[in-house]
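**Q** Attaching a single structure in structure tokens format; questions to follow.
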Amino acid sequence: NAPVKVKNINGWTPLSEAISYGDRLTIISLLKKMKHQAREQIEERRPNLVSALKQVGDFYMQIKWDFQSWVPLVSRVLPSDLCQIHKKGTSFRLDTTLVDFAMNDMKWERGEITFLFDGDAKPPHSLIVMDNKAGVYQRVRYLETESEIEDEVDLMMSTDIVTAQMSTKSITFSRAQSGWIFRQDKKV
């Protein structure tokens, strides 16, 4: 019952190593275990999240983020997004326009995606993902069928193993302000 997300000295998880060896049965076993452990962690943290949501007042917030590069002019063509977060009671809504990106190919996909979380609802009814352009939604399920696991393993075995890391040292937060000379915090 060891944690599946543990990494070796080179930063590889057991799942990444199994994929590199092409051992399908081990990949399936590790993938199922990883999903099971993730569900357990979510359910373990859920009461604290709901409690925190109850204590925090309702709000609306925008988060603008972008990729930066030290190479001149490259930052202008890298993706960015303006995420909107609405919180009311134990529920929140996150709207985003950046759907997918692959930095290796310098490609990204735009869309209109919404994540809805209802802290009062029990899984699998607590999280919904909506594609606003396509006009469809899906409840995030906590259990996958065997064929879905097989499809995911097929995808894992046919794509490159990529590990994403993000430095949080250069992240800054600032209030949105208005005015030219006498600047004031914006009130929404």
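Labels for the structure tokens follow display order: chains A, B, ..., residues from 1 in each chain, ligands from 1.
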What's the 12 Å shell around Glu43 in chain A, counting only C-alpha atoms, without same-chain residues fewer than 2 positions away, as a ChimeraX atom specification?
**A** /A:36-41,45-50,119,122-124,126,142
**Q** Those selected residues, please, written with N, CA and C atoms and delivered as a PDB file, in the first residue's frame.
**A**
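So the final result, stored in selection-v5.pdb, reads:
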ATOM      1  N   HIS A  36      -6.937   5.317  -6.988  1.00  0.00           N
ATOM      2  CA  HIS A  36      -7.532   4.982  -5.694  1.00  0.00           C
ATOM      3  C   HIS A  36      -6.953   5.880  -4.594  1.00  0.00           C
ATOM      4  N   GLN A  37      -5.624   6.043  -4.585  1.00  0.00           N
ATOM      5  CA  GLN A  37      -4.987   6.886  -3.576  1.00  0.00           C
ATOM      6  C   GLN A  37      -5.392   8.348  -3.736  1.00  0.00           C
ATOM      7  N   ALA A  38      -5.554   8.801  -4.967  1.00  0.00           N
ATOM      8  CA  ALA A  38      -5.988  10.182  -5.213  1.00  0.00           C
ATOM      9  C   ALA A  38      -7.404  10.400  -4.674  1.00  0.00           C
ATOM     10  N   ARG A  39      -8.297   9.428  -4.907  1.00  0.00           N
ATOM     11  CA  ARG A  39      -9.668   9.538  -4.386  1.00  0.00           C
ATOM     12  C   ARG A  39      -9.659   9.578  -2.860  1.00  0.00           C
ATOM     13  N   GLU A  40      -8.828   8.732  -2.242  1.00  0.00           N
ATOM     14  CA  GLU A  40      -8.734   8.721  -0.780  1.00  0.00           C
ATOM     15  C   GLU A  40      -8.247  10.068  -0.252  1.00  0.00           C
ATOM     16  N   GLN A  41      -7.234  10.636  -0.899  1.00  0.00           N
ATOM     17  CA  GLN A  41      -6.707  11.936  -0.474  1.00  0.00           C
ATOM     18  C   GLN A  41      -7.754  13.030  -0.604  1.00  0.00           C
ATOM     19  N   ARG A  45      -9.367  15.195   2.532  1.00  0.00           N
ATOM     20  CA  ARG A  45      -9.231  16.651   2.610  1.00  0.00           C
ATOM     21  C   ARG A  45     -10.556  17.387   2.451  1.00  0.00           C
ATOM     22  N   ARG A  46     -11.553  16.715   1.947  1.00  0.00           N
ATOM     23  CA  ARG A  46     -12.830  17.349   1.634  1.00  0.00           C
ATOM     24  C   ARG A  46     -13.472  18.069   2.825  1.00  0.00           C
ATOM     25  N   PRO A  47     -13.564  17.452   4.022  1.00  0.00           N
ATOM     26  CA  PRO A  47     -14.188  18.167   5.148  1.00  0.00           C
ATOM     27  C   PRO A  47     -13.489  19.488   5.479  1.00  0.00           C
ATOM     28  N   ASN A  48     -12.160  19.512   5.410  1.00  0.00           N
ATOM     29  CA  ASN A  48     -11.427  20.755   5.681  1.00  0.00           C
ATOM     30  C   ASN A  48     -11.713  21.802   4.613  1.00  0.00           C
ATOM     31  N   LEU A  49     -11.804  21.379   3.356  1.00  0.00           N
ATOM     32  CA  LEU A  49     -12.106  22.303   2.261  1.00  0.00           C
ATOM     33  C   LEU A  49     -13.491  22.912   2.445  1.00  0.00           C
ATOM     34  N   VAL A  50     -14.473  22.067   2.723  1.00  0.00           N
ATOM     35  CA  VAL A  50     -15.847  22.550   2.898  1.00  0.00           C
ATOM     36  C   VAL A  50     -15.925  23.496   4.098  1.00  0.00           C
ATOM     37  N   GLY A 119     -19.763  21.981  -2.652  1.00  0.00           N
ATOM     38  CA  GLY A 119     -19.261  21.371  -1.428  1.00  0.00           C
ATOM     39  C   GLY A 119     -20.312  20.611  -0.649  1.00  0.00           C
ATOM     40  N   LYS A 122     -22.411  15.203  -2.547  1.00  0.00           N
ATOM     41  CA  LYS A 122     -21.486  14.079  -2.379  1.00  0.00           C
ATOM     42  C   LYS A 122     -20.987  13.619  -3.742  1.00  0.00           C
ATOM     43  N   PRO A 123     -19.744  13.112  -3.792  1.00  0.00           N
ATOM     44  CA  PRO A 123     -19.245  12.558  -5.062  1.00  0.00           C
ATOM     45  C   PRO A 123     -20.172  11.449  -5.534  1.00  0.00           C
ATOM     46  N   PRO A 124     -20.406  11.303  -6.780  1.00  0.00           N
ATOM     47  CA  PRO A 124     -19.796  11.970  -7.922  1.00  0.00           C
ATOM     48  C   PRO A 124     -20.564  13.201  -8.399  1.00  0.00           C
ATOM     49  N   SER A 126     -20.444  16.255  -6.982  1.00  0.00           N
ATOM     50  CA  SER A 126     -19.886  17.501  -6.455  1.00  0.00           C
ATOM     51  C   SER A 126     -19.062  18.292  -7.463  1.00  0.00           C
ATOM     52  N   TYR A 142     -15.701   9.170 -10.189  1.00  0.00           N
ATOM     53  CA  TYR A 142     -14.638   8.719  -9.308  1.00  0.00           C
ATOM     54  C   TYR A 142     -14.180   7.303  -9.639  1.00  0.00           C
TER      55      TYR A 142
END
**Q** Hey, what's within 7 Å of Lys54 in chain A if we count only C-alpha atoms and toss same-chain stuff fewer than 2 positions away? As a list in words, please?
**A**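 Answer for this query is Val50, Ser51, Ala52, Val56, Gly89 and Thr90 of chain A.
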**Q** How would you write, as JSON, numbers by chain, the set of residues in range 60-113 of chain A that DSSP gives as strand (DSSP E)?
**A** {"A": [60, 61, 62, 63, 64, 65, 66, 80, 81, 82, 83, 84, 85, 86, 87, 88, 91, 92, 93, 94, 95, 96, 97, 98, 99, 100, 101, 102, 107, 108, 109, 110, 111, 112, 113]}
**Q** Emit the selected residues as a compact mmCIF listing (two decimals), in the first residue's frame, including N, CA and C atoms.
**A**
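In the end it all went to selection.txt:
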# COMPACT_ATOMS: atom_id res chain seq x y z
N TYR A 60 -15.77 37.27 -5.74
CA TYR A 60 -15.45 37.11 -7.16
C TYR A 60 -14.01 37.57 -7.33
N MET A 61 -13.23 36.81 -8.11
CA MET A 61 -11.83 37.14 -8.27
C MET A 61 -11.38 36.77 -9.68
N GLN A 62 -10.46 37.55 -10.22
CA GLN A 62 -9.84 37.23 -11.50
C GLN A 62 -8.36 36.97 -11.27
N ILE A 63 -7.85 35.93 -11.92
CA ILE A 63 -6.42 35.63 -11.84
C ILE A 63 -5.88 35.62 -13.26
N LYS A 64 -4.95 36.53 -13.53
CA LYS A 64 -4.30 36.57 -14.84
C LYS A 64 -2.94 35.92 -14.69
N TRP A 65 -2.64 35.01 -15.58
CA TRP A 65 -1.32 34.37 -15.54
C TRP A 65 -0.79 34.25 -16.96
N ASP A 66 0.52 34.15 -17.07
CA ASP A 66 1.12 33.98 -18.39
C ASP A 66 2.47 33.28 -18.26
N SER A 80 -1.40 32.70 -22.30
CA SER A 80 -1.78 33.35 -21.05
C SER A 80 -3.27 33.12 -20.87
N ASP A 81 -3.77 33.45 -19.69
CA ASP A 81 -5.20 33.26 -19.45
C ASP A 81 -5.66 34.20 -18.34
N LEU A 82 -6.94 34.46 -18.34
CA LEU A 82 -7.58 35.21 -17.28
C LEU A 82 -8.65 34.30 -16.69
N CYS A 83 -8.35 33.71 -15.54
CA CYS A 83 -9.30 32.81 -14.87
C CYS A 83 -10.22 33.64 -13.99
N GLN A 84 -11.49 33.29 -14.00
CA GLN A 84 -12.47 33.96 -13.16
C GLN A 84 -12.99 32.96 -12.14
N ILE A 85 -13.00 33.37 -10.88
CA ILE A 85 -13.44 32.50 -9.80
C ILE A 85 -14.59 33.18 -9.06
N HIS A 86 -15.70 32.47 -8.95
CA HIS A 86 -16.87 32.94 -8.20
C HIS A 86 -17.04 31.97 -7.04
N LYS A 87 -17.20 32.48 -5.82
CA LYS A 87 -17.40 31.62 -4.65
C LYS A 87 -18.65 32.06 -3.93
N LYS A 88 -19.54 31.11 -3.65
CA LYS A 88 -20.76 31.40 -2.89
C LYS A 88 -21.04 30.20 -1.99
N SER A 91 -19.75 26.48 -2.49
CA SER A 91 -19.60 26.19 -3.91
C SER A 91 -18.71 27.23 -4.57
N PHE A 92 -18.01 26.81 -5.62
CA PHE A 92 -17.28 27.78 -6.42
C PHE A 92 -17.29 27.39 -7.88
N ARG A 93 -17.04 28.40 -8.71
CA ARG A 93 -17.02 28.23 -10.16
C ARG A 93 -15.73 28.84 -10.67
N LEU A 94 -15.03 28.10 -11.54
CA LEU A 94 -13.81 28.59 -12.16
C LEU A 94 -14.00 28.55 -13.66
N ASP A 95 -13.84 29.70 -14.31
CA ASP A 95 -13.93 29.80 -15.77
C ASP A 95 -12.54 30.05 -16.33
N THR A 96 -12.18 29.32 -17.38
CA THR A 96 -10.87 29.47 -18.00
C THR A 96 -11.01 29.32 -19.51
N THR A 97 -10.06 29.89 -20.25
CA THR A 97 -10.11 29.79 -21.71
C THR A 97 -8.99 28.94 -22.28
N LEU A 98 -7.97 28.65 -21.48
CA LEU A 98 -6.87 27.80 -21.96
C LEU A 98 -7.22 26.36 -21.63
N VAL A 99 -7.52 25.57 -22.67
CA VAL A 99 -8.00 24.21 -22.48
C VAL A 99 -6.86 23.22 -22.41
N ASP A 100 -5.87 23.37 -23.28
CA ASP A 100 -4.78 22.39 -23.34
C ASP A 100 -3.55 23.08 -23.91
N PHE A 101 -2.39 22.64 -23.48
CA PHE A 101 -1.17 23.13 -24.11
C PHE A 101 -0.06 22.09 -24.03
N ALA A 102 0.77 22.10 -25.06
CA ALA A 102 1.93 21.22 -25.13
C ALA A 102 3.13 22.11 -25.43
N LYS A 107 2.15 24.43 -28.92
CA LYS A 107 0.75 24.48 -29.35
C LYS A 107 -0.13 24.55 -28.12
N TRP A 108 -1.20 25.30 -28.22
CA TRP A 108 -2.19 25.33 -27.17
C TRP A 108 -3.56 25.52 -27.78
N GLU A 109 -4.55 25.11 -27.01
CA GLU A 109 -5.92 25.14 -27.51
C GLU A 109 -6.75 26.05 -26.62
N ARG A 110 -7.50 26.92 -27.24
CA ARG A 110 -8.40 27.82 -26.53
C ARG A 110 -9.81 27.26 -26.53
N GLY A 111 -10.55 27.59 -25.53
CA GLY A 111 -11.94 27.16 -25.42
C GLY A 111 -12.60 27.98 -24.32
N GLU A 112 -13.71 27.50 -23.85
CA GLU A 112 -14.41 28.13 -22.73
C GLU A 112 -14.84 27.01 -21.80
N ILE A 113 -14.02 26.75 -20.79
CA ILE A 113 -14.26 25.64 -19.87
C ILE A 113 -14.64 26.20 -18.50
